[in-house]
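Just start-v8.txt here, compact mmCIF, C-alpha atoms:
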```
# COMPACT_ATOMS: atom_id res chain seq x y z
CA MET A 1 24.09 13.52 -26.35
CA ARG A 2 21.91 11.12 -24.41
CA GLU A 3 18.19 11.63 -24.32
CA PHE A 4 16.36 12.50 -21.11
CA MET A 5 14.67 9.09 -20.90
CA GLN A 6 18.01 7.32 -21.13
CA TYR A 7 19.28 9.60 -18.38
CA VAL A 8 16.34 8.63 -16.16
CA ARG A 9 16.86 4.94 -16.94
CA ASN A 10 20.51 5.23 -15.86
CA ALA A 11 19.27 6.89 -12.68
CA PHE A 12 17.01 3.87 -12.10
CA TYR A 13 20.03 1.57 -12.42
CA GLY A 14 21.92 3.73 -9.93
CA ALA A 15 19.01 3.72 -7.48
CA THR A 16 18.72 -0.07 -7.54
CA GLY A 17 22.48 -0.69 -7.48
CA TRP A 18 22.66 -2.36 -10.91
CA SER A 19 25.89 -2.05 -12.92
CA GLU A 20 26.29 -2.70 -16.65
CA ASP A 21 30.03 -3.40 -16.40
CA ASN A 22 29.43 -7.17 -16.51
CA SER A 23 27.47 -7.15 -19.77
CA TYR A 24 29.28 -8.59 -22.78
CA LYS A 25 27.42 -6.26 -25.16
CA ASP A 26 29.07 -3.29 -23.39
CA LEU A 27 32.58 -4.72 -23.62
CA ASN A 28 33.84 -1.91 -25.89
CA VAL A 29 31.23 0.71 -25.02
CA THR A 30 33.85 3.36 -24.17
CA ALA A 31 35.51 3.34 -27.60
CA ARG A 32 32.14 3.00 -29.31
CA GLU A 33 30.77 6.15 -27.69
CA LEU A 34 33.96 8.11 -28.37
CA ILE A 35 33.98 7.12 -32.06
CA ASP A 36 30.40 6.29 -33.08
CA PHE A 37 28.61 9.19 -31.40
CA PRO A 38 25.44 10.19 -33.28
CA LEU A 39 25.44 13.29 -35.46
CA PRO A 40 22.34 15.51 -35.17
CA ARG A 41 20.30 15.74 -38.37
CA GLY A 42 17.84 18.52 -39.05
CA ILE A 43 16.20 20.24 -36.11
CA ARG A 44 15.01 18.32 -33.05
CA LEU A 45 13.30 19.82 -30.01
CA SER A 46 12.64 17.86 -26.81
CA LEU A 47 10.52 18.84 -23.81
CA SER A 48 10.80 16.52 -20.81
CA SER A 49 9.80 16.46 -17.18
CA LEU A 50 10.22 14.29 -14.11
CA ALA A 51 6.70 15.12 -12.98
CA THR A 52 6.89 12.96 -9.85
CA PRO A 53 9.69 10.85 -8.35
CA HIS A 54 8.04 7.85 -10.06
CA PHE A 55 6.84 9.26 -13.41
CA ALA A 56 8.58 11.00 -16.34
CA THR A 57 7.34 12.28 -19.68
CA SER A 58 9.05 13.48 -22.85
CA TYR A 59 7.76 15.09 -26.04
CA GLN A 60 9.91 15.38 -29.15
CA LEU A 61 9.43 17.27 -32.42
CA CYS A 62 11.73 16.68 -35.41
CA ASN A 63 12.14 18.23 -38.85
CA VAL A 64 14.32 16.16 -41.17
CA GLY A 65 12.68 16.75 -44.53
CA VAL A 66 9.31 15.89 -42.97
CA VAL A 67 7.86 16.86 -39.62
CA ASP A 68 7.46 14.04 -37.14
CA GLY A 69 7.76 13.48 -33.42
CA SER A 70 7.24 11.14 -30.49
CA ILE A 71 5.62 10.93 -27.07
CA SER A 72 7.34 8.98 -24.26
CA TYR A 73 6.28 7.92 -20.79
CA LEU A 74 8.28 6.20 -18.06
CA HIS A 75 7.31 4.83 -14.66
CA SER A 76 9.73 3.68 -11.96
CA SER A 77 8.71 1.79 -8.86
CA VAL A 78 11.76 3.29 -7.11
CA PRO A 79 11.48 6.98 -6.17
CA LEU A 80 14.10 9.08 -7.96
CA THR A 81 13.91 11.95 -5.50
CA ALA A 82 17.59 12.92 -5.52
CA VAL A 83 17.99 12.94 -9.30
CA PRO A 84 18.39 16.47 -10.77
CA ALA A 85 15.80 16.72 -13.55
CA GLN A 86 15.92 20.43 -14.44
CA SER A 87 17.96 21.06 -17.57
CA ASP A 88 19.88 23.87 -15.87
CA LYS A 89 20.91 21.52 -13.00
CA ILE A 90 21.62 18.23 -14.79
CA PRO A 91 25.39 17.59 -14.78
CA LEU A 92 26.58 17.77 -18.38
CA GLY A 93 28.76 14.71 -17.89
CA ALA A 94 25.69 12.52 -17.32
CA LEU A 95 24.42 13.44 -20.80
CA MET A 96 27.58 13.98 -22.82
CA ARG A 97 30.66 12.31 -21.35
CA SER A 98 31.69 9.24 -23.35
CA TYR A 99 34.54 7.69 -21.36
CA ARG A 100 33.09 5.15 -18.95
CA GLY A 101 35.24 3.97 -16.05
CA LEU A 102 34.62 0.73 -14.23
CA HIS A 103 33.02 0.60 -10.80
CA GLN A 104 34.46 -1.36 -7.93
CA LEU A 105 32.95 -4.82 -7.76
CA GLY A 106 31.85 -4.20 -4.18
CA SER A 107 30.06 -0.94 -5.02
CA ARG A 108 26.96 -2.66 -6.41
CA GLY A 109 24.26 -2.39 -3.85
CA GLY A 110 26.52 -0.52 -1.42
CA THR A 111 27.31 3.15 -1.01
CA PRO A 112 25.65 5.22 -3.77
CA TRP A 113 27.94 6.85 -6.28
CA SER A 114 28.52 10.57 -6.02
CA TRP A 115 28.35 13.21 -8.71
CA GLU A 116 31.46 14.92 -7.35
CA THR A 117 33.83 11.95 -6.95
CA GLY A 118 32.55 9.58 -9.61
CA PRO A 119 33.26 5.91 -10.15
CA GLN A 120 36.50 6.64 -12.03
CA THR A 121 39.15 9.15 -11.05
CA GLY A 122 38.90 12.21 -13.23
CA THR A 123 35.56 11.35 -14.81
CA ILE A 124 31.96 12.27 -14.26
CA PRO A 125 29.79 9.22 -13.62
CA GLN A 126 27.01 8.12 -15.92
CA VAL A 127 24.66 7.18 -13.09
CA PRO A 128 23.43 9.72 -10.55
CA ALA A 129 23.49 9.07 -6.84
CA VAL A 130 20.31 8.53 -4.90
CA ALA A 131 20.30 9.60 -1.26
CA GLU A 132 19.93 6.82 1.31
CA MET A 133 19.86 4.05 -1.30
CA ASP A 134 19.98 1.34 1.36
CA ARG A 135 16.68 2.62 2.80
CA ILE A 136 14.77 2.24 -0.46
CA PRO A 137 12.09 -0.40 0.19
CA ASN A 138 12.06 -3.47 -2.08
CA LYS A 139 14.77 -2.12 -4.36
CA ASP A 140 15.64 -5.72 -5.32
CA LYS A 141 12.03 -6.17 -6.50
CA SER A 142 11.87 -2.91 -8.45
CA SER A 143 10.51 -2.43 -11.95
CA LEU A 144 10.53 0.12 -14.75
CA LEU A 145 7.96 0.63 -17.52
CA TYR A 146 8.71 2.65 -20.65
CA GLY A 147 6.66 3.40 -23.76
CA ARG A 148 7.19 5.58 -26.81
CA LEU A 149 4.84 6.38 -29.69
CA TYR A 150 6.26 7.77 -32.94
CA LEU A 151 3.97 10.03 -34.97
CA PRO A 152 2.73 10.04 -37.69
CA GLN A 153 4.28 6.59 -38.40
CA SER A 154 2.23 5.04 -35.57
CA LEU A 155 5.28 3.05 -34.48
CA LEU A 156 5.13 1.93 -30.87
CA GLU A 157 8.04 0.70 -28.77
CA ALA A 158 7.92 -0.50 -25.18
CA MET A 159 10.32 -1.78 -22.55
CA VAL A 160 9.84 -3.50 -19.20
CA ILE A 161 12.65 -4.00 -16.65
CA LYS A 162 11.94 -6.19 -13.65
CA ARG A 163 14.31 -7.04 -10.80
CA PHE A 164 13.71 -10.36 -9.02
CA SER A 165 16.76 -10.22 -6.74
CA SER A 166 19.98 -8.26 -6.30
CA ALA A 167 21.61 -10.42 -9.02
CA LEU A 168 18.70 -11.29 -11.35
CA GLN A 169 17.01 -8.93 -13.79
CA VAL A 170 14.72 -9.43 -16.79
CA GLN A 171 14.37 -6.93 -19.62
CA ILE A 172 11.72 -7.18 -22.36
CA SER A 173 11.71 -4.83 -25.35
CA ALA A 174 9.11 -4.77 -28.12
CA VAL A 175 8.41 -2.80 -31.31
CA SER A 176 5.08 -2.70 -33.14
CA GLU A 177 4.94 -1.48 -36.74
CA GLN A 178 3.05 -2.62 -39.86
CA SER A 179 6.11 -2.93 -42.10
CA LEU A 180 7.76 -5.46 -39.77
CA ARG A 181 7.22 -9.19 -40.09
CA ASN A 182 4.18 -10.31 -38.09
CA GLY A 183 3.53 -6.63 -37.29
CA GLY A 184 6.33 -6.33 -34.75
CA THR A 185 9.14 -8.00 -32.85
CA MET A 186 10.06 -8.68 -29.23
CA LEU A 187 13.39 -9.26 -27.47
CA SER A 188 13.68 -10.83 -24.01
CA VAL A 189 16.93 -10.74 -22.01
CA VAL A 190 17.59 -12.46 -18.68
CA GLN A 191 20.60 -10.97 -16.84
CA TYR A 192 22.38 -12.64 -13.93
CA ASP A 193 25.20 -10.64 -12.33
CA ARG A 194 27.32 -12.02 -9.50
CA GLY A 195 30.03 -9.36 -9.54
CA ASN A 196 32.91 -11.58 -10.63
CA TYR A 197 30.92 -12.80 -13.60
CA GLY A 198 27.75 -12.03 -15.51
CA VAL A 199 25.58 -14.25 -17.72
CA GLU A 200 22.81 -13.23 -20.13
CA GLY A 201 20.31 -15.32 -22.06
CA LEU A 202 18.21 -13.80 -24.83
CA TYR A 203 15.38 -14.71 -27.19
CA SER A 204 14.07 -12.69 -30.14
CA THR A 205 10.92 -13.38 -32.13
CA ASP A 206 12.71 -12.01 -35.23
CA GLY A 207 14.01 -15.25 -36.72
CA GLY A 208 13.49 -17.16 -33.50
CA LEU A 209 16.93 -16.13 -32.28
CA LEU A 210 18.35 -17.82 -29.18
CA GLY A 211 21.52 -16.50 -27.61
CA LEU A 212 23.80 -16.84 -24.62
CA ARG A 213 26.61 -14.50 -23.60
CA GLY A 214 28.76 -14.07 -20.55
CA LEU A 215 31.69 -12.17 -19.07
CA TYR A 216 34.16 -13.23 -16.39
CA ASN A 217 36.42 -10.83 -14.44
CA PHE A 218 39.83 -11.64 -13.01
CA GLY A 219 42.80 -9.64 -11.75
CA GLY A 220 42.66 -6.42 -9.79
CA ASP A 221 39.68 -6.14 -7.45
CA ALA A 222 38.26 -9.42 -8.82
CA SER A 223 41.30 -11.34 -7.52
CA VAL A 224 41.19 -9.57 -4.14
CA ALA A 225 37.52 -10.44 -3.76
CA THR A 226 38.20 -14.15 -4.33
CA MET A 227 41.32 -14.45 -2.13
CA GLY A 228 41.28 -16.17 1.22
CA SER A 229 41.63 -14.64 4.65
CA PRO A 230 44.89 -13.07 5.84
CA ASN A 231 45.54 -16.13 8.02
CA GLY A 232 46.82 -17.96 4.96
CA THR A 233 50.23 -17.79 3.34
CA GLY A 234 50.14 -14.05 2.60
CA SER A 235 49.15 -10.93 4.47
CA LEU A 236 46.79 -8.17 3.48
CA GLU A 237 49.69 -5.72 3.26
CA SER A 238 51.59 -7.87 0.76
CA THR A 239 48.38 -8.50 -1.16
CA GLU A 240 47.82 -4.75 -1.46
CA LYS A 241 51.38 -4.23 -2.74
CA GLU A 242 51.02 -6.97 -5.35
CA ARG A 243 47.58 -5.85 -6.42
CA ILE A 244 47.05 -4.78 -10.02
CA TYR A 245 44.96 -1.63 -10.31
CA GLY A 246 43.22 -2.90 -13.41
CA ARG A 247 40.62 -5.52 -14.20
CA PHE A 248 40.82 -8.16 -16.91
CA SER A 249 37.59 -9.43 -18.42
CA ALA A 250 37.06 -12.26 -20.88
CA GLY A 251 33.84 -13.52 -22.38
CA GLY A 252 31.93 -14.56 -25.45
CA GLU A 253 28.54 -15.00 -27.02
CA MET A 254 26.83 -17.57 -29.21
CA TYR A 255 23.48 -17.39 -30.94
CA TYR A 256 21.37 -19.54 -33.23
CA GLY A 257 18.38 -18.69 -35.43
CA THR A 258 15.80 -21.44 -35.18
CA LEU A 259 13.93 -20.28 -38.31
CA ASN A 260 16.79 -19.61 -40.72
CA LYS A 261 19.01 -22.39 -39.24
CA SER A 262 22.11 -20.17 -38.93
CA GLY A 263 24.29 -19.24 -36.00
CA GLY A 264 27.29 -17.28 -34.92
CA MET A 265 29.68 -16.60 -32.10
CA SER A 266 32.32 -14.15 -30.90
CA LEU A 267 35.02 -13.97 -28.23
CA GLY A 268 36.30 -10.87 -26.46
CA ALA A 269 38.68 -9.59 -23.81
CA ARG A 270 39.11 -6.28 -22.03
CA PHE A 271 41.55 -4.58 -19.72
CA ALA A 272 40.45 -1.44 -17.89
CA THR A 273 41.96 0.50 -15.01
CA LEU A 274 40.14 0.75 -11.69
CA PRO A 275 39.10 3.89 -9.78
CA THR A 276 42.03 3.31 -7.39
CA HIS A 277 44.52 3.60 -10.25
CA LYS A 278 46.69 6.71 -9.76
CA GLY A 279 47.86 6.92 -13.36
CA THR A 280 46.09 7.58 -16.64
CA PRO A 281 42.75 5.75 -16.98
CA LEU A 282 42.65 3.52 -20.05
CA THR A 283 40.57 0.75 -21.63
CA ALA A 284 41.74 -1.78 -24.24
CA THR A 285 39.56 -4.44 -25.88
CA LEU A 286 39.95 -7.28 -28.39
CA THR A 287 37.02 -9.09 -30.04
CA ILE A 288 37.21 -11.95 -32.56
CA ASN A 289 34.52 -13.49 -34.73
CA PRO A 290 36.02 -16.85 -35.79
CA LEU A 291 33.28 -17.72 -38.29
CA MET A 292 33.43 -14.43 -40.21
CA GLY A 293 37.16 -13.84 -39.63
CA ASN A 294 36.70 -10.37 -38.15
CA ILE A 295 39.23 -9.01 -35.61
CA ASN A 296 38.44 -5.79 -33.77
CA THR A 297 40.76 -3.94 -31.39
CA THR A 298 40.06 -0.70 -29.53
CA TYR A 299 42.08 1.51 -27.21
CA ALA A 300 40.64 4.42 -25.22
CA VAL A 301 42.49 6.69 -22.81
CA LEU A 302 41.50 9.57 -20.56
CA ALA A 303 44.62 11.66 -21.11
CA LYS A 304 43.30 14.51 -18.97
CA ASP A 305 40.09 15.17 -17.15
CA PHE A 306 39.06 17.31 -20.13
CA LEU A 307 40.46 15.11 -22.93
CA ALA A 308 39.58 11.54 -23.93
CA MET A 309 40.71 9.74 -27.09
CA ALA A 310 40.00 6.38 -28.71
CA THR A 311 41.19 4.37 -31.70
CA ARG A 312 39.68 1.33 -33.40
CA MET A 313 41.22 -1.09 -35.88
CA GLU A 314 39.26 -3.77 -37.74
CA PHE A 315 40.70 -6.52 -39.91
CA ASN A 316 39.19 -9.49 -41.78
CA ALA A 317 41.42 -12.54 -41.99
CA TYR A 318 39.56 -13.93 -45.04
CA SER A 319 39.25 -10.87 -47.30
CA TYR A 320 42.24 -8.93 -45.90
CA GLU A 321 40.06 -5.84 -45.70
CA SER A 322 40.82 -3.39 -42.91
CA ASP A 323 39.28 -0.30 -41.42
CA TRP A 324 40.32 2.22 -38.79
CA ALA A 325 38.71 5.10 -36.95
CA VAL A 326 39.75 7.63 -34.31
CA GLY A 327 37.70 9.83 -32.04
CA LEU A 328 38.15 12.34 -29.26
CA GLU A 329 36.21 14.60 -26.93
CA PHE A 330 37.57 17.86 -25.52
CA TRP A 331 35.81 19.53 -22.61
CA SER A 332 36.03 23.30 -22.36
CA ASN A 333 35.17 25.91 -19.74
CA ARG A 334 34.45 28.49 -22.41
CA ARG A 335 31.05 29.96 -23.09
CA PRO A 336 28.37 27.55 -24.29
CA ALA A 337 28.29 29.10 -27.76
CA GLY A 338 31.61 27.40 -28.52
CA PHE A 339 35.20 28.21 -29.16
CA LEU A 340 34.42 31.25 -31.33
CA LEU A 341 33.34 33.41 -28.39
CA GLY A 342 36.54 32.85 -26.41
CA ALA A 343 37.07 32.04 -22.75
CA GLU A 344 36.09 34.04 -19.74
CA PRO A 345 39.03 35.55 -17.82
CA SER A 346 39.96 33.47 -14.79
CA LEU A 347 39.87 35.14 -11.41
CA ASP A 348 42.58 32.84 -10.14
CA LEU A 349 45.24 34.33 -12.41
CA GLU A 350 45.68 37.41 -10.23
CA SER A 351 46.62 35.38 -7.18
CA ASP A 352 48.97 33.17 -9.23
CA GLN A 353 50.81 36.18 -10.71
CA SER A 354 51.09 38.12 -7.44
CA GLU A 355 54.53 38.92 -6.09
CA PRO A 356 56.00 36.50 -3.52
CA PRO A 357 56.02 37.80 0.08
CA ARG A 358 59.20 39.65 1.04
CA LYS A 359 61.42 38.27 3.76
CA LYS A 360 60.94 40.15 7.03
CA GLU A 361 64.06 41.92 8.36
CA ARG A 362 65.38 41.37 11.90
CA SER A 363 64.08 43.71 14.54
CA PHE A 364 66.35 46.36 16.11
CA GLN A 365 66.32 44.58 19.48
CA ALA A 366 67.51 41.33 17.89
CA LYS A 367 70.34 43.11 16.09
CA MET A 368 71.57 44.73 19.35
CA GLU A 369 71.58 41.34 21.12
CA TRP A 370 73.22 39.52 18.22
CA ARG A 371 70.43 36.98 17.79
CA LEU A 372 67.59 36.08 15.50
CA ASP A 373 64.02 37.02 16.07
CA ASP A 374 61.80 34.53 17.79
CA PRO A 375 59.77 32.49 15.27
CA GLU A 376 56.33 33.92 14.75
CA PRO A 377 53.35 31.60 15.14
CA GLU A 378 52.00 30.33 11.86
CA PRO A 379 48.68 31.89 10.91
CA ALA A 380 45.72 29.59 11.06
CA LYS A 381 44.76 28.18 7.70
CA ILE A 382 41.41 29.38 6.51
CA ILE A 383 39.50 26.73 4.61
CA GLU A 384 37.24 28.37 2.10
CA LYS A 385 34.04 26.54 1.40
CA PRO A 386 32.66 26.56 -2.12
CA THR A 387 30.14 29.33 -2.50
CA GLY A 388 28.29 27.86 -5.42
CA SER A 389 27.78 24.80 -7.55
CA LYS A 390 29.38 26.22 -10.67
CA GLU A 391 30.38 23.53 -13.15
CA GLU A 392 33.97 23.22 -14.17
CA TYR A 393 33.13 22.60 -17.84
CA LEU A 394 30.47 24.31 -19.92
CA GLY A 395 30.64 22.27 -23.11
CA VAL A 396 32.37 19.51 -25.02
CA PHE A 397 33.75 19.26 -28.55
CA LYS A 398 33.66 15.82 -30.21
CA ALA A 399 35.35 14.74 -33.42
CA ARG A 400 35.91 11.51 -35.32
CA LEU A 401 37.66 10.45 -38.51
CA SER A 402 37.40 7.12 -40.33
CA SER A 403 39.48 5.44 -43.02
CA ASN A 404 37.06 6.58 -45.76
CA LEU A 405 37.81 10.19 -44.73
CA ASN A 406 34.41 10.85 -43.21
CA LEU A 407 34.73 13.54 -40.54
CA GLY A 408 32.18 14.11 -37.80
CA LEU A 409 32.15 17.27 -35.66
CA VAL A 410 29.82 18.00 -32.72
CA TRP A 411 29.67 20.75 -30.10
CA GLU A 412 27.47 20.10 -27.09
CA GLY A 413 26.82 22.42 -24.18
CA ARG A 414 24.29 24.45 -22.24
CA ALA A 415 22.85 27.90 -22.91
CA LYS A 416 20.80 29.21 -19.99
CA SER A 417 18.29 26.40 -19.35
CA LEU A 418 18.67 24.75 -22.76
CA ILE A 419 20.97 21.83 -23.51
CA PHE A 420 21.99 21.73 -27.16
CA SER A 421 23.97 19.67 -29.63
CA LEU A 422 25.22 21.18 -32.91
CA GLY A 423 26.99 18.93 -35.38
CA THR A 424 27.88 18.25 -38.98
CA GLY A 425 29.26 15.46 -41.13
CA VAL A 426 32.00 16.22 -43.67
CA ASP A 427 33.16 14.02 -46.56
CA LEU A 428 36.78 14.92 -47.23
CA GLN A 429 36.78 12.90 -50.45
CA ARG A 430 34.24 15.29 -51.99
CA LEU A 431 35.61 18.73 -51.29
CA GLY A 432 33.21 20.25 -53.84
CA GLU A 433 30.23 19.24 -51.65
CA PRO A 434 31.84 18.31 -48.34
CA PHE A 435 28.90 18.75 -45.94
CA ARG A 436 26.78 15.62 -45.82
CA SER A 437 24.61 16.52 -42.83
CA LEU A 438 23.92 19.40 -40.46
CA GLY A 439 21.71 19.37 -37.41
CA LEU A 440 20.74 20.97 -34.12
CA GLU A 441 19.18 19.28 -31.11
CA VAL A 442 17.76 21.21 -28.15
CA GLN A 443 16.56 19.69 -24.88
CA TYR A 444 14.64 21.30 -22.05
CA SER A 445 13.49 19.50 -18.91
CA SER A 446 11.84 20.52 -15.68
```
I'd like the structure from this file rewritten - as structure tokens, please.
Amino acid sequence: MREFMQYVRNAFYGATGWSEDNSYKDLNVTARELIDFPLPRGIRLSLSSLATPHFATSYQLCNVGVVDGSISYLHSSVPLTAVPAQSDKIPLGALMRSYRGLHQLGSRGGTPWSWETGPQTGTIPQVPAVAEMDRIPNKDKSSLLYGRLYLPQSLLEAMVIKRFSSALQVQISAVSEQSLRNGGTMLSVVQYDRGNYGVEGLYSTDGGLLGLRGLYNFGGDASVATMGSPNGTGSLESTEKERIYGRFSAGGEMYYGTLNKSGGMSLGARFATLPTHKGTPLTATLTINPLMGNINTTYAVLAKDFLAMATRMEFNAYSYESDWAVGLEFWSNRRPAGFLLGAEPSLDLESDQSEPPRKKERSFQAKMEWRLDDPEPEPAKIIEKPTGSKEEYLGVFKARLSSNLNLGLVWEGRAKSLIFSLGTGVDLQRLGEPFRSLGLEVQYSS
């Protein structure tokens, strides 16, 4: 379950038209969220508020052996007026859904994404829509400030996001704590996104790390965007017929530590279906680390609107060690307490099980004249408008299993105005003491 501040930060990206699809670090984010979702530990309570369209606060209290907490503040230069901030109105998919579909390349900076339709068919988007996004003044010069203080450790973390143009963004993150070298560390990332490709340069004070990573898109909407006008050899109609409703992405990263004189690199590729794809949405990735010999493959599929699954296979070409993991999420329209309380009866079942209308007999006048009755005019179709904004799903069940037989189970949902996450970790190799962790997280926002 995502925290409220992450939800607001995603809303900031949606308001400014920034997409994270062209970031190499998020190449396999779909499978990672379906498999490596965090398990709640202990008891955690969060109180958050979007006090003004520009300012948000969050207070958190935890009890995992010891009592600690944190205080967070966030400021956005872009007004987030159309973002639902109340915990009883926030769409659950924005906090809990793991499968991430790609956006169209032309959607960045264009029409805002909608909660109802979403960027991917059958999914709920991660980024909320902001009304009249094109009318936001200086959205290409926007900025975001974020700070969080952990107590009683006195650990401080901060983040600054600054947009210089529609394609250029700088993000600076810093952590201050006495146990760290030099009392803290800072990471600077420069992001340049041109739609068809994205490039990032980074520098970290921890080891003097310098890095460069990039991602290039081809096929699908990327090929259509780079094609010439219809006056050439082909027509738009033939181009549409030959179009592949999926996008291929290939990229890599390299980094070098100036202090420890060591470096590394990795290469990766991804295929993901587009929102215009009529079939089953899927995402497949392959990453290779040539220096360490690691090969990682993932496959995620949205089998149904309520069911998403992912698998991951890792192999080392030098040590011949391998690892696998599977994960799934199952959305349910049952009560928020979980599967044990059962489902509410559906009101639509009565209409589905009703008897079919009987065929009307010929009138007496038609029988005397040896003819059929005149066709009756068809009744006007009554289009019923939705009477409320009732959500289709009330909770989600997540599970994962790895090769070392570690099982993770989480149920997330909403009870009244509280959003909760209840989970446990089970070690199937130690059936005498199988439960390794148990936790409950509760969020409330206004």
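Of the residues listed (A:Gly439, A:Gly279, A:Gly93, A:Gly219), A:Gly93 shows the shortest atom-to-atom separation from A:Tyr393; distances use only C-alpha atoms.
Atom pair atom CA of A:Gln153 / atom CA of A:Ile43: separated by 18.3 Å.
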Non-local contacts of A:Leu407 (6 Å; all atoms listed in the file; under 5 positions in same chain excluded) as a ChimeraX atom specification: /A:400-401,425-426
File of the preceding selection, C-alpha atoms, as a PDB file, in the frame of the given file:
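The new file out-v7.pdb reads:
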```
ATOM      1  CA  ARG A 400      35.910  11.510 -35.320  1.00  0.00           C
ATOM      2  CA  LEU A 401      37.660  10.450 -38.510  1.00  0.00           C
ATOM      3  CA  GLY A 425      29.260  15.460 -41.130  1.00  0.00           C
ATOM      4  CA  VAL A 426      32.000  16.220 -43.670  1.00  0.00           C
TER       5      VAL A 426
END
```
For A:Arg41, which residue out of A:Gly65, A:Ser322, A:Tyr146, A:Thr298 is the nearest one, using all atoms listed in the file? A:Gly65
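For the pair atom CA of A:Ala82 and atom CA of A:Arg148, the interatomic distance is 24.8 Å.
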Using only C-alpha atoms, can you list as a list in words the residues within 10 Å of (26.8, 11.0, -37.1)? Ile35, Asp36, Phe37, Pro38, Leu39, Pro40, Arg41, Arg400, Asn406, Leu407, Gly408, Leu409, Val410, Gly423, Thr424, Gly425, Val426, Arg436, Ser437, Leu438 and Gly439 of chain A
Just the residues within 8 Å of A:Glu157, please, counting all atoms listed in the file, with nothing from its chain fewer than 5 positions along; format it as a list in words.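 Here the answer would be Gly147, Arg148, Leu149, Ser173, Ala174, Val175 and Ser176 of chain A.
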Would you please work out which residue, of A:Gly184, A:Gly264, A:Pro91, A:Pro84, is nearest to A:Ala51 when using only C-alpha atoms?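 Comparing A:Gly184, A:Gly264, A:Pro91, A:Pro84 against A:Ala51, the winner is A:Pro84.
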Between atom CA of A:His75 and atom CA of A:Ala56, distance in Å (one decimal):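 Atom CA of A:His75 sits 6.5 Å away from atom CA of A:Ala56.
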Nearest to A:Ser179, chosen from A:Leu155, A:Ala303, A:Val442, A:Val160, with only C-alpha atoms counted in the distances: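 Looking only at the distances to A:Ser179, the closest residue turns out to be A:Leu155.
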